[in-house]
$ cat my_file.cif   # mmCIF, C-alpha atoms
data_final
loop_
_atom_site.group_PDB
_atom_site.id
_atom_site.type_symbol
_atom_site.label_atom_id
_atom_site.label_comp_id
_atom_site.auth_asym_id
_atom_site.auth_seq_id
_atom_site.Cartn_x
_atom_site.Cartn_y
_atom_site.Cartn_z
ATOM 1 C CA MET L 2 107.964 126.128 121.580
ATOM 2 C CA ALA L 3 106.046 123.921 119.139
ATOM 3 C CA ASP L 4 102.325 124.469 118.812
ATOM 4 C CA LYS L 5 100.544 121.528 120.426
ATOM 5 C CA ASP L 6 97.942 121.716 117.665
ATOM 6 C CA GLU L 7 100.521 120.949 114.963
ATOM 7 C CA LYS L 8 100.001 117.459 113.618
ATOM 8 C CA VAL L 9 102.443 114.678 114.402
ATOM 9 C CA ALA L 10 103.546 111.719 112.273
ATOM 10 C CA LEU L 11 105.570 108.682 113.253
ATOM 11 C CA VAL L 12 107.465 107.027 110.414
ATOM 12 C CA THR L 13 109.224 103.696 110.949
ATOM 13 C CA GLY L 14 112.271 102.789 108.901
ATOM 14 C CA ALA L 15 112.746 106.536 108.502
ATOM 15 C CA ALA L 16 116.533 106.828 108.412
ATOM 16 C CA ARG L 17 116.701 106.426 104.633
ATOM 17 C CA GLY L 18 114.800 105.534 101.485
ATOM 18 C CA ILE L 19 111.028 105.775 101.254
ATOM 19 C CA GLY L 20 110.702 106.338 104.996
ATOM 20 C CA LEU L 21 112.983 109.356 104.933
ATOM 21 C CA ALA L 22 111.229 110.742 101.857
ATOM 22 C CA ALA L 23 107.907 110.430 103.706
ATOM 23 C CA ALA L 24 109.321 112.141 106.790
ATOM 24 C CA LYS L 25 110.556 115.027 104.649
ATOM 25 C CA ARG L 26 107.138 115.344 103.016
ATOM 26 C CA PHE L 27 105.416 115.655 106.378
ATOM 27 C CA LEU L 28 107.970 118.217 107.539
ATOM 28 C CA ALA L 29 107.471 120.235 104.365
ATOM 29 C CA ASP L 30 103.793 120.591 105.257
ATOM 30 C CA GLY L 31 104.492 121.761 108.795
ATOM 31 C CA TRP L 32 104.024 118.471 110.622
ATOM 32 C CA ARG L 33 106.230 117.354 113.483
ATOM 33 C CA VAL L 34 107.794 113.965 112.815
ATOM 34 C CA ALA L 35 109.151 111.118 114.923
ATOM 35 C CA LEU L 36 111.664 109.102 112.903
ATOM 36 C CA LEU L 37 112.083 105.519 114.087
ATOM 37 C CA ASP L 38 114.787 103.176 112.850
ATOM 38 C CA ILE L 39 116.936 100.272 113.997
ATOM 39 C CA GLU L 40 120.017 101.595 112.174
ATOM 40 C CA VAL L 41 121.343 103.888 114.882
ATOM 41 C CA GLU L 42 124.235 105.554 113.065
ATOM 42 C CA THR L 43 122.226 106.128 109.895
ATOM 43 C CA LEU L 44 119.423 107.656 111.948
ATOM 44 C CA ARG L 45 121.835 109.997 113.706
ATOM 45 C CA THR L 46 123.284 111.131 110.389
ATOM 46 C CA THR L 47 119.781 111.692 109.037
ATOM 47 C CA MET L 48 118.802 113.799 112.034
ATOM 48 C CA THR L 49 121.909 115.933 111.606
ATOM 49 C CA THR L 50 121.140 116.416 107.926
ATOM 50 C CA LEU L 51 117.496 117.325 108.557
ATOM 51 C CA ALA L 52 118.622 119.888 111.151
ATOM 52 C CA LYS L 53 115.089 120.406 112.537
ATOM 53 C CA PRO L 54 115.492 119.605 116.235
ATOM 54 C CA ASN L 55 112.284 121.365 117.279
ATOM 55 C CA ALA L 56 110.129 119.457 114.797
ATOM 56 C CA THR L 57 111.713 115.998 114.894
ATOM 57 C CA LEU L 58 112.344 113.173 117.330
ATOM 58 C CA ALA L 59 114.743 110.270 116.786
ATOM 59 C CA LEU L 60 113.656 106.864 118.067
ATOM 60 C CA GLU L 61 116.091 103.952 117.968
ATOM 61 C CA CYS L 62 113.934 100.841 117.909
ATOM 62 C CA ASP L 63 113.336 97.382 116.449
ATOM 63 C CA VAL L 64 109.676 97.273 115.370
ATOM 64 C CA SER L 65 109.459 93.567 116.190
ATOM 65 C CA ASP L 66 110.232 94.288 119.868
ATOM 66 C CA ALA L 67 106.889 95.089 121.514
ATOM 67 C CA ARG L 68 108.394 96.545 124.671
ATOM 68 C CA ALA L 69 110.747 98.815 122.734
ATOM 69 C CA VAL L 70 107.888 99.983 120.520
ATOM 70 C CA ALA L 71 105.725 100.782 123.552
ATOM 71 C CA ASN L 72 108.565 102.854 124.985
ATOM 72 C CA ALA L 73 108.978 104.669 121.655
ATOM 73 C CA ILE L 74 105.281 105.547 121.473
ATOM 74 C CA ALA L 75 105.446 106.812 125.051
ATOM 75 C CA LYS L 76 108.287 109.130 124.037
ATOM 76 C CA VAL L 77 106.192 110.479 121.172
ATOM 77 C CA GLY L 78 103.404 111.236 123.625
ATOM 78 C CA GLU L 79 105.775 112.886 126.084
ATOM 79 C CA ARG L 80 107.475 115.019 123.450
ATOM 80 C CA PHE L 81 104.604 115.989 121.142
ATOM 81 C CA GLY L 82 101.471 115.204 123.145
ATOM 82 C CA ARG L 83 99.626 113.599 120.234
ATOM 83 C CA LEU L 84 99.916 111.340 117.201
ATOM 84 C CA ASP L 85 97.972 111.899 113.981
ATOM 85 C CA ALA L 86 99.654 109.574 111.494
ATOM 86 C CA LEU L 87 101.638 106.351 111.601
ATOM 87 C CA VAL L 88 103.580 105.107 108.592
ATOM 88 C CA ASN L 89 104.570 101.455 108.991
ATOM 89 C CA ASN L 90 107.464 101.493 106.555
ATOM 90 C CA ALA L 91 110.181 99.482 108.330
ATOM 91 C CA GLY L 92 110.882 96.225 106.555
ATOM 92 C CA ILE L 93 113.555 93.784 105.528
ATOM 93 C CA ALA L 94 114.053 91.639 102.454
ATOM 94 C CA ILE L 95 115.778 88.276 102.312
ATOM 95 C CA PHE L 96 115.751 87.050 98.728
ATOM 96 C CA LYS L 97 116.500 83.328 98.454
ATOM 97 C CA PRO L 98 115.113 80.331 96.561
ATOM 98 C CA LEU L 99 112.396 78.504 98.493
ATOM 99 C CA LEU L 100 114.563 75.473 99.217
ATOM 100 C CA GLU L 101 117.349 77.686 100.589
ATOM 101 C CA THR L 102 115.141 79.857 102.793
ATOM 102 C CA THR L 103 115.818 78.913 106.408
ATOM 103 C CA GLN L 104 113.376 78.941 109.295
ATOM 104 C CA ASP L 105 115.326 81.860 110.751
ATOM 105 C CA ASP L 106 114.988 83.773 107.449
ATOM 106 C CA TRP L 107 111.242 83.173 107.414
ATOM 107 C CA ASN L 108 110.768 84.095 111.074
ATOM 108 C CA ARG L 109 112.785 87.308 110.859
ATOM 109 C CA VAL L 110 111.081 88.584 107.705
ATOM 110 C CA LEU L 111 107.608 87.983 109.112
ATOM 111 C CA ALA L 112 108.606 89.405 112.508
ATOM 112 C CA VAL L 113 109.639 92.723 110.976
ATOM 113 C CA ASN L 114 107.337 93.022 107.952
ATOM 114 C CA LEU L 115 104.102 91.654 109.412
ATOM 115 C CA SER L 116 104.352 91.543 113.194
ATOM 116 C CA GLY L 117 106.104 94.937 113.220
ATOM 117 C CA PRO L 118 103.121 96.865 111.801
ATOM 118 C CA PHE L 119 100.784 94.932 114.123
ATOM 119 C CA ILE L 120 102.890 95.858 117.161
ATOM 120 C CA CYS L 121 103.305 99.501 116.133
ATOM 121 C CA THR L 122 99.623 99.950 115.313
ATOM 122 C CA GLN L 123 98.471 98.349 118.536
ATOM 123 C CA ALA L 124 100.785 100.630 120.517
ATOM 124 C CA ALA L 125 99.998 103.810 118.567
ATOM 125 C CA ALA L 126 96.202 103.577 118.307
ATOM 126 C CA PRO L 127 95.463 104.620 121.918
ATOM 127 C CA LEU L 128 97.546 107.808 121.518
ATOM 128 C CA MET L 129 95.851 108.586 118.208
ATOM 129 C CA ARG L 130 92.443 108.032 119.787
ATOM 130 C CA GLU L 131 93.117 110.729 122.409
ATOM 131 C CA HIS L 132 92.836 113.441 119.750
ATOM 132 C CA GLY L 133 89.975 112.015 117.735
ATOM 133 C CA GLY L 134 91.841 109.527 115.549
ATOM 134 C CA GLY L 135 94.148 109.830 112.585
ATOM 135 C CA ALA L 136 95.541 107.774 109.747
ATOM 136 C CA ILE L 137 97.815 104.788 109.331
ATOM 137 C CA VAL L 138 99.598 103.819 106.131
ATOM 138 C CA ASN L 139 101.282 100.436 105.794
ATOM 139 C CA ILE L 140 103.987 100.039 103.165
ATOM 140 C CA THR L 141 103.358 96.724 101.467
ATOM 141 C CA SER L 142 104.882 95.863 98.098
ATOM 142 C CA ILE L 143 103.993 94.852 94.603
ATOM 143 C CA SER L 144 105.507 91.525 95.731
ATOM 144 C CA GLY L 145 102.460 91.101 97.953
ATOM 145 C CA LEU L 146 100.208 91.354 94.903
ATOM 146 C CA ARG L 147 102.277 89.462 92.326
ATOM 147 C CA ALA L 148 104.383 86.380 93.013
ATOM 148 C CA SER L 149 108.011 86.264 91.939
ATOM 149 C CA THR L 150 111.051 84.093 92.412
ATOM 150 C CA LEU L 151 113.205 84.403 95.558
ATOM 151 C CA ARG L 152 110.416 86.082 97.529
ATOM 152 C CA THR L 153 108.656 83.310 99.445
ATOM 153 C CA ALA L 154 109.113 85.014 102.818
ATOM 154 C CA TYR L 155 109.111 88.624 101.631
ATOM 155 C CA GLY L 156 106.136 88.364 99.284
ATOM 156 C CA THR L 157 104.082 86.416 101.810
ATOM 157 C CA SER L 158 104.799 88.955 104.552
ATOM 158 C CA LYS L 159 103.665 91.794 102.295
ATOM 159 C CA ALA L 160 100.535 89.951 101.172
ATOM 160 C CA GLY L 161 99.701 89.377 104.827
ATOM 161 C CA LEU L 162 100.235 93.078 105.518
ATOM 162 C CA ALA L 163 97.776 93.981 102.751
ATOM 163 C CA HIS L 164 95.077 91.948 104.490
ATOM 164 C CA LEU L 165 96.115 93.212 107.918
ATOM 165 C CA THR L 166 95.518 96.706 106.542
ATOM 166 C CA LYS L 167 91.881 95.797 105.904
ATOM 167 C CA GLN L 168 91.536 94.225 109.345
ATOM 168 C CA PHE L 169 92.904 97.384 110.943
ATOM 169 C CA ALA L 170 90.603 99.577 108.855
ATOM 170 C CA VAL L 171 87.510 97.694 109.968
ATOM 171 C CA GLU L 172 88.457 97.482 113.632
ATOM 172 C CA LEU L 173 89.848 100.995 114.112
ATOM 173 C CA ALA L 174 87.177 102.931 112.230
ATOM 174 C CA THR L 175 85.165 103.438 115.420
ATOM 175 C CA LEU L 176 88.202 105.215 116.905
ATOM 176 C CA GLY L 177 88.333 107.618 113.990
ATOM 177 C CA ILE L 178 91.439 105.958 112.582
ATOM 178 C CA ARG L 179 91.686 105.305 108.846
ATOM 179 C CA VAL L 180 94.075 102.609 107.622
ATOM 180 C CA ASN L 181 95.377 102.193 104.082
ATOM 181 C CA ALA L 182 98.414 100.730 102.367
ATOM 182 C CA VAL L 183 100.773 101.785 99.629
ATOM 183 C CA ALA L 184 102.285 99.018 97.498
ATOM 184 C CA PRO L 185 105.438 100.296 95.797
ATOM 185 C CA GLY L 186 106.593 98.825 92.543
ATOM 186 C CA PRO L 187 110.287 99.050 91.605
ATOM 187 C CA VAL L 188 111.651 102.225 93.169
ATOM 188 C CA ASP L 189 115.034 103.878 92.658
ATOM 189 C CA THR L 190 116.228 103.339 96.221
ATOM 190 C CA ALA L 191 119.834 102.776 97.237
ATOM 191 C CA MET L 192 119.044 99.072 97.723
ATOM 192 C CA ALA L 193 117.583 98.734 94.230
ATOM 193 C CA LYS L 194 120.572 100.477 92.710
ATOM 194 C CA ALA L 195 122.872 98.078 94.538
ATOM 195 C CA VAL L 196 121.132 94.787 93.710
ATOM 196 C CA HIS L 197 119.355 95.374 90.384
ATOM 197 C CA THR L 198 121.732 94.662 87.531
ATOM 198 C CA PRO L 199 121.328 96.437 84.182
ATOM 199 C CA ALA L 200 119.619 93.303 82.858
ATOM 200 C CA ILE L 201 117.121 93.268 85.732
ATOM 201 C CA ARG L 202 116.401 96.966 85.280
ATOM 202 C CA ALA L 203 115.799 96.396 81.565
ATOM 203 C CA ASP L 204 113.366 93.573 82.379
ATOM 204 C CA TYR L 205 111.432 95.829 84.745
ATOM 205 C CA HIS L 206 111.330 98.628 82.192
ATOM 206 C CA ASP L 207 109.927 96.194 79.645
ATOM 207 C CA THR L 208 107.097 95.244 82.014
ATOM 208 C CA ILE L 209 106.194 98.625 83.521
ATOM 209 C CA PRO L 210 103.834 100.649 81.283
ATOM 210 C CA LEU L 211 105.445 103.930 82.357
ATOM 211 C CA ASN L 212 108.802 102.374 81.420
ATOM 212 C CA ARG L 213 110.775 103.552 84.451
ATOM 213 C CA TYR L 214 111.388 103.022 88.147
ATOM 214 C CA GLY L 215 109.475 105.137 90.629
ATOM 215 C CA LEU L 216 111.052 107.820 92.791
ATOM 216 C CA GLU L 217 111.059 107.838 96.582
ATOM 217 C CA GLU L 218 109.401 111.247 96.463
ATOM 218 C CA GLU L 219 106.515 109.834 94.397
ATOM 219 C CA LEU L 220 105.868 107.225 97.064
ATOM 220 C CA ALA L 221 106.048 109.925 99.731
ATOM 221 C CA GLU L 222 103.341 111.938 97.970
ATOM 222 C CA ALA L 223 100.971 108.959 97.994
ATOM 223 C CA ILE L 224 101.713 108.266 101.665
ATOM 224 C CA PHE L 225 101.154 111.894 102.617
ATOM 225 C CA PHE L 226 97.888 112.065 100.686
ATOM 226 C CA LEU L 227 96.479 109.022 102.476
ATOM 227 C CA CYS L 228 97.414 110.562 105.837
ATOM 228 C CA SER L 229 95.906 113.938 104.986
ATOM 229 C CA ASP L 230 92.366 115.213 105.404
ATOM 230 C CA ARG L 231 91.989 115.045 101.618
ATOM 231 C CA ALA L 232 91.699 111.258 102.021
ATOM 232 C CA SER L 233 89.115 111.542 104.797
ATOM 233 C CA TYR L 234 86.721 108.980 103.255
ATOM 234 C CA ILE L 235 89.362 106.463 102.146
ATOM 235 C CA THR L 236 90.109 103.463 104.334
ATOM 236 C CA GLY L 237 90.873 99.775 103.886
ATOM 237 C CA GLN L 238 92.525 100.285 100.494
ATOM 238 C CA VAL L 239 95.813 99.150 98.964
ATOM 239 C CA LEU L 240 97.155 101.681 96.469
ATOM 240 C CA ALA L 241 99.752 100.339 94.035
ATOM 241 C CA VAL L 242 102.225 103.105 93.206
ATOM 242 C CA ASP L 243 104.017 101.171 90.528
ATOM 243 C CA GLY L 244 103.811 102.787 87.096
ATOM 244 C CA GLY L 245 101.120 100.299 86.117
ATOM 245 C CA PHE L 246 103.228 97.217 86.871
ATOM 246 C CA GLU L 247 100.530 95.320 88.798
ATOM 247 C CA ALA L 248 97.871 96.062 86.192
ATOM 248 C CA THR L 249 99.682 94.671 83.188
ATOM 249 C CA GLY L 250 100.695 91.296 81.818
ATOM 250 C CA ILE L 251 103.295 91.330 79.067
ATOM 251 C CA GLY L 252 104.568 94.795 78.271
ATOM 252 C CA LEU L 253 107.449 94.246 75.880
ATOM 253 C CA PRO L 254 108.783 97.128 73.743
ATOM 254 C CA THR L 255 107.633 95.411 70.532
ATOM 255 C CA LEU L 256 104.055 95.222 71.813
ATOM 256 C CA ARG L 257 104.270 98.840 72.948
ATOM 257 C CA GLY L 258 105.300 99.858 69.480
ATOM 258 C CA GLU L 259 102.431 97.959 67.912
ATOM 259 C CA GLY L 260 100.078 99.614 70.391
ATOM 260 C CA ARG L 261 101.248 103.067 69.306
ATOM 261 C CA ASN L 262 100.730 102.216 65.666
ATOM 262 C CA GLY L 263 97.334 100.577 66.156
#

$ encode --input "my_file.cif" --output "structure tokens"
Amino acid sequence: MADKDEKVALVTGAARGIGLAAAKRFLADGWRVALLDIEVETLRTTMTTLAKPNATLALECDVSDARAVANAIAKVGERFGRLDALVNNAGIAIFKPLLETTQDDWNRVLAVNLSGPFICTQAAAPLMREHGGGAIVNITSISGLRASTLRTAYGTSKAGLAHLTKQFAVELATLGIRVNAVAPGPVDTAMAKAVHTPAIRADYHDTIPLNRYGLEEELAEAIFFLCSDRASYITGQVLAVDGGFEATGIGLPTLRGEGRNG
């Protein structure tokens, strides 16, 4: 039987990618983890692979559905009796030129990427409050800090989430709940490998000071830190985990070479 004092994390969009990496990081530190995802078959495969039935809970849910989210949070309470961390990672990306972005595209991206974290946080906060608070980490994006082509809906949703993070931090502090965000730069996820051509990858490498894509595990470390007691005085912040991408302007190889020689 699990110890009721063991901490509990809920990670949305946890069936793969950054969400799964975060779930694994919590598990590695002895946390119990609820993995929530809309992709039912992928989630089932993930649960089989994790093979930790006593420490995990699968939740099939669309984060933009308030009733479904409320039911999912209730299941977390019933199964684990507490909630110490929420990672709002679930998100979708529709990359289209502005003039080709439909109203349905816009509505769906904002429903998942912006309304989803609002719905999940509003539902989870009362359970977190019961045990003295906890931590929430929203996964924004470098696209919420820097504009780019094809990202009118996606970038705007992530920029909104960065501000929502600060709103949450201010309003939930009295409940003992800290709220921060992690803004990933280019990360070697399955999606990136599928849609980023060699030319696009080369362009990113030219612009990122560390000259490489990030790893899912590196994002997971930042997420875990912000949820841990080591970050006990950090709230309302957006941490770019991006190899320096957001901090730089032009970072071409020629300029790098001149910088080394200067």

$ atom_distance --input "my_file.cif" --atom1 "CA of Gly18 (chain L)" --atom2 "CA of Ala200 (chain L)"
22.8 Å

$ closest_residue --input "my_file.cif" --among "L:Ala124, L:Cys228, L:Val180, L:Val239" --to "Asp30 (chain L)" --atoms "only C-alpha atoms"
L:Cys228

$ atom_distance --input "my_file.cif" --atom1 "CA of Ile143 (chain L)" --atom2 "CA of Thr102 (chain L)"
20.4 Å

$ closest_residue --input "my_file.cif" --among "L:Pro127, L:Trp107, L:Val188, L:Ala182" --to "Thr157 (chain L)" --atoms "only C-alpha atoms"
L:Trp107

$ residues_around --input "my_file.cif" --residues "Arg202 (chain L)" --least-positions-apart "4" --cutoff "9 Å" --atoms "all atoms listed in the file" --output "JSON, numbers by chain"
{"L": [197, 198, 206, 207, 213, 214]}

$ atom_distance --input "my_file.cif" --atom1 "CA of Ala248 (chain L)" --atom2 "CA of Ala191 (chain L)"
25.5 Å

$ residues_around --input "my_file.cif" --residues "Leu100 (chain L)" --least-positions-apart "6" --cutoff "12 Å" --atoms "all atoms listed in the file" --output "ChimeraX atom specification"
/L:106-107,150-154

$ closest_residue --input "my_file.cif" --among "L:Leu84, L:Leu99, L:Ala241, L:Ala94" --to "Thr122 (chain L)" --atoms "all atoms listed in the file"
L:Leu84

$ closest_residue --input "my_file.cif" --among "L:Asn181, L:Thr46, L:Thr175, L:Thr57" --to "Ala223 (chain L)" --atoms "only C-alpha atoms"
L:Asn181

$ closest_residue --input "my_file.cif" --among "L:Asp243, L:Asp38, L:Asp230, L:Glu218" --to "Val12 (chain L)" --atoms "all atoms listed in the file"
L:Asp38

$ residues_around --input "my_file.cif" --residues "Arg33 (chain L)" --least-positions-apart "3" --cutoff "10 Å" --atoms "all atoms listed in the file" --output "ChimeraX atom specification"
/L:3-5,7-11,24,27-30,36,53-58,81,84-85

$ closest_residue --input "my_file.cif" --among "L:Met192, L:Ala69, L:Leu21, L:Leu165" --to "Gly237 (chain L)" --atoms "all atoms listed in the file"
L:Leu165

$ residues_around --input "my_file.cif" --residues "Gly156 (chain L)" --least-positions-apart "2" --cutoff "8 Å" --atoms "all atoms listed in the file" --output "PDB file with C-alpha atoms, keeping the file's coordinate frame"
ATOM      1  CA  SER L 142     104.882  95.863  98.098  1.00  0.00           C
ATOM      2  CA  SER L 144     105.507  91.525  95.731  1.00  0.00           C
ATOM      3  CA  GLY L 145     102.460  91.101  97.953  1.00  0.00           C
ATOM      4  CA  LEU L 146     100.208  91.354  94.903  1.00  0.00           C
ATOM      5  CA  ALA L 148     104.383  86.380  93.013  1.00  0.00           C
ATOM      6  CA  SER L 149     108.011  86.264  91.939  1.00  0.00           C
ATOM      7  CA  ARG L 152     110.416  86.082  97.529  1.00  0.00           C
ATOM      8  CA  THR L 153     108.656  83.310  99.445  1.00  0.00           C
ATOM      9  CA  ALA L 154     109.113  85.014 102.818  1.00  0.00           C
ATOM     10  CA  SER L 158     104.799  88.955 104.552  1.00  0.00           C
ATOM     11  CA  LYS L 159     103.665  91.794 102.295  1.00  0.00           C
ATOM     12  CA  ALA L 160     100.535  89.951 101.172  1.00  0.00           C
TER      13      ALA L 160
END

$ residues_around --input "my_file.cif" --residues "region 70-78 of chain L" --least-positions-apart "4" --cutoff "9 Å" --atoms "only C-alpha atoms" --output "short mmCIF file (atom, residue, chain, number, x, y, z; two decimals) with C-alpha atoms, keeping the file's coordinate frame"
data_model
loop_
_atom_site.label_atom_id
_atom_site.label_comp_id
_atom_site.auth_asym_id
_atom_site.auth_seq_id
_atom_site.Cartn_x
_atom_site.Cartn_y
_atom_site.Cartn_z
CA VAL L 9 102.44 114.68 114.40
CA LEU L 11 105.57 108.68 113.25
CA ALA L 35 109.15 111.12 114.92
CA LEU L 37 112.08 105.52 114.09
CA LEU L 58 112.34 113.17 117.33
CA LEU L 60 113.66 106.86 118.07
CA GLU L 61 116.09 103.95 117.97
CA CYS L 62 113.93 100.84 117.91
CA ASP L 63 113.34 97.38 116.45
CA VAL L 64 109.68 97.27 115.37
CA SER L 65 109.46 93.57 116.19
CA ASP L 66 110.23 94.29 119.87
CA GLY L 82 101.47 115.20 123.14
CA ARG L 83 99.63 113.60 120.23
CA LEU L 84 99.92 111.34 117.20
CA ILE L 120 102.89 95.86 117.16
CA CYS L 121 103.30 99.50 116.13
CA ALA L 124 100.78 100.63 120.52
CA ALA L 125 100.00 103.81 118.57
CA LEU L 128 97.55 107.81 121.52
#

$ resolve_selection --input "my_file.cif" --expression "the PyMOL selection byres ((chain L and resi 224) around 8)" --output "PyMOL selection string"
chain L and resi 23+88+138+183+220-223+225-228

$ build_atoms --input "my_file.cif" --residues "region 212-238 of chain L" --atoms "N, CA and C atoms" --output "PDB file, keeping the file's coordinate frame"
ATOM      1  N   ASN L 212     107.451 102.617  81.940  1.00  0.00           N
ATOM      2  CA  ASN L 212     108.802 102.374  81.420  1.00  0.00           C
ATOM      3  C   ASN L 212     109.908 103.023  82.261  1.00  0.00           C
ATOM      4  N   ARG L 213     109.720 103.033  83.578  1.00  0.00           N
ATOM      5  CA  ARG L 213     110.775 103.552  84.451  1.00  0.00           C
ATOM      6  C   ARG L 213     110.517 103.109  85.881  1.00  0.00           C
ATOM      7  N   TYR L 214     111.540 103.241  86.716  1.00  0.00           N
ATOM      8  CA  TYR L 214     111.388 103.022  88.147  1.00  0.00           C
ATOM      9  C   TYR L 214     110.710 104.248  88.770  1.00  0.00           C
ATOM     10  N   GLY L 215     110.056 104.022  89.904  1.00  0.00           N
ATOM     11  CA  GLY L 215     109.475 105.137  90.629  1.00  0.00           C
ATOM     12  C   GLY L 215     110.531 105.864  91.449  1.00  0.00           C
ATOM     13  N   LEU L 216     110.173 107.033  91.934  1.00  0.00           N
ATOM     14  CA  LEU L 216     111.052 107.820  92.791  1.00  0.00           C
ATOM     15  C   LEU L 216     110.545 107.759  94.228  1.00  0.00           C
ATOM     16  N   GLU L 217     111.456 107.842  95.173  1.00  0.00           N
ATOM     17  CA  GLU L 217     111.059 107.838  96.582  1.00  0.00           C
ATOM     18  C   GLU L 217     110.064 108.962  96.875  1.00  0.00           C
ATOM     19  N   GLU L 218     110.275 110.100  96.242  1.00  0.00           N
ATOM     20  CA  GLU L 218     109.401 111.247  96.463  1.00  0.00           C
ATOM     21  C   GLU L 218     107.981 110.982  95.960  1.00  0.00           C
ATOM     22  N   GLU L 219     107.845 110.169  94.907  1.00  0.00           N
ATOM     23  CA  GLU L 219     106.515 109.834  94.397  1.00  0.00           C
ATOM     24  C   GLU L 219     105.768 108.943  95.380  1.00  0.00           C
ATOM     25  N   LEU L 220     106.484 108.043  96.021  1.00  0.00           N
ATOM     26  CA  LEU L 220     105.868 107.225  97.064  1.00  0.00           C
ATOM     27  C   LEU L 220     105.464 108.096  98.246  1.00  0.00           C
ATOM     28  N   ALA L 221     106.328 109.045  98.598  1.00  0.00           N
ATOM     29  CA  ALA L 221     106.048 109.925  99.731  1.00  0.00           C
ATOM     30  C   ALA L 221     104.779 110.739  99.500  1.00  0.00           C
ATOM     31  N   GLU L 222     104.550 111.165  98.275  1.00  0.00           N
ATOM     32  CA  GLU L 222     103.341 111.938  97.970  1.00  0.00           C
ATOM     33  C   GLU L 222     102.086 111.104  98.200  1.00  0.00           C
ATOM     34  N   ALA L 223     102.124 109.845  97.794  1.00  0.00           N
ATOM     35  CA  ALA L 223     100.971 108.959  97.994  1.00  0.00           C
ATOM     36  C   ALA L 223     100.731 108.710  99.480  1.00  0.00           C
ATOM     37  N   ILE L 224     101.818 108.495 100.219  1.00  0.00           N
ATOM     38  CA  ILE L 224     101.713 108.266 101.665  1.00  0.00           C
ATOM     39  C   ILE L 224     101.113 109.489 102.349  1.00  0.00           C
ATOM     40  N   PHE L 225     101.633 110.654 101.993  1.00  0.00           N
ATOM     41  CA  PHE L 225     101.154 111.894 102.617  1.00  0.00           C
ATOM     42  C   PHE L 225      99.676 112.127 102.300  1.00  0.00           C
ATOM     43  N   PHE L 226      99.298 111.891 101.068  1.00  0.00           N
ATOM     44  CA  PHE L 226      97.888 112.065 100.686  1.00  0.00           C
ATOM     45  C   PHE L 226      96.977 111.206 101.543  1.00  0.00           C
ATOM     46  N   LEU L 227      97.324 109.934 101.710  1.00  0.00           N
ATOM     47  CA  LEU L 227      96.479 109.022 102.476  1.00  0.00           C
ATOM     48  C   LEU L 227      96.419 109.392 103.957  1.00  0.00           C
ATOM     49  N   CYS L 228      97.421 110.114 104.440  1.00  0.00           N
ATOM     50  CA  CYS L 228      97.414 110.562 105.837  1.00  0.00           C
ATOM     51  C   CYS L 228      96.726 111.910 106.014  1.00  0.00           C
ATOM     52  N   SER L 229      96.452 112.583 104.919  1.00  0.00           N
ATOM     53  CA  SER L 229      95.906 113.938 104.986  1.00  0.00           C
ATOM     54  C   SER L 229      94.384 113.926 105.043  1.00  0.00           C
ATOM     55  N   ASP L 230      93.829 115.081 105.359  1.00  0.00           N
ATOM     56  CA  ASP L 230      92.366 115.213 105.404  1.00  0.00           C
ATOM     57  C   ASP L 230      91.733 115.062 104.028  1.00  0.00           C
ATOM     58  N   ARG L 231      92.523 115.210 102.979  1.00  0.00           N
ATOM     59  CA  ARG L 231      91.989 115.045 101.618  1.00  0.00           C
ATOM     60  C   ARG L 231      91.554 113.601 101.356  1.00  0.00           C
ATOM     61  N   ALA L 232      92.062 112.676 102.170  1.00  0.00           N
ATOM     62  CA  ALA L 232      91.699 111.258 102.021  1.00  0.00           C
ATOM     63  C   ALA L 232      90.735 110.834 103.127  1.00  0.00           C
ATOM     64  N   SER L 233      89.933 111.766 103.602  1.00  0.00           N
ATOM     65  CA  SER L 233      89.115 111.542 104.797  1.00  0.00           C
ATOM     66  C   SER L 233      88.067 110.435 104.666  1.00  0.00           C
ATOM     67  N   TYR L 234      87.724 110.040 103.432  1.00  0.00           N
ATOM     68  CA  TYR L 234      86.721 108.980 103.255  1.00  0.00           C
ATOM     69  C   TYR L 234      87.341 107.733 102.613  1.00  0.00           C
ATOM     70  N   ILE L 235      88.651 107.608 102.724  1.00  0.00           N
ATOM     71  CA  ILE L 235      89.362 106.463 102.146  1.00  0.00           C
ATOM     72  C   ILE L 235      89.944 105.626 103.274  1.00  0.00           C
ATOM     73  N   THR L 236      89.536 104.379 103.353  1.00  0.00           N
ATOM     74  CA  THR L 236      90.109 103.463 104.334  1.00  0.00           C
ATOM     75  C   THR L 236      89.981 102.031 103.827  1.00  0.00           C
ATOM     76  N   GLY L 237      90.893 101.183 104.271  1.00  0.00           N
ATOM     77  CA  GLY L 237      90.873  99.775 103.886  1.00  0.00           C
ATOM     78  C   GLY L 237      91.346  99.493 102.479  1.00  0.00           C
ATOM     79  N   GLN L 238      92.108 100.428 101.888  1.00  0.00           N
ATOM     80  CA  GLN L 238      92.525 100.285 100.494  1.00  0.00           C
ATOM     81  C   GLN L 238      94.031 100.036 100.374  1.00  0.00           C
TER      82      GLN L 238
END
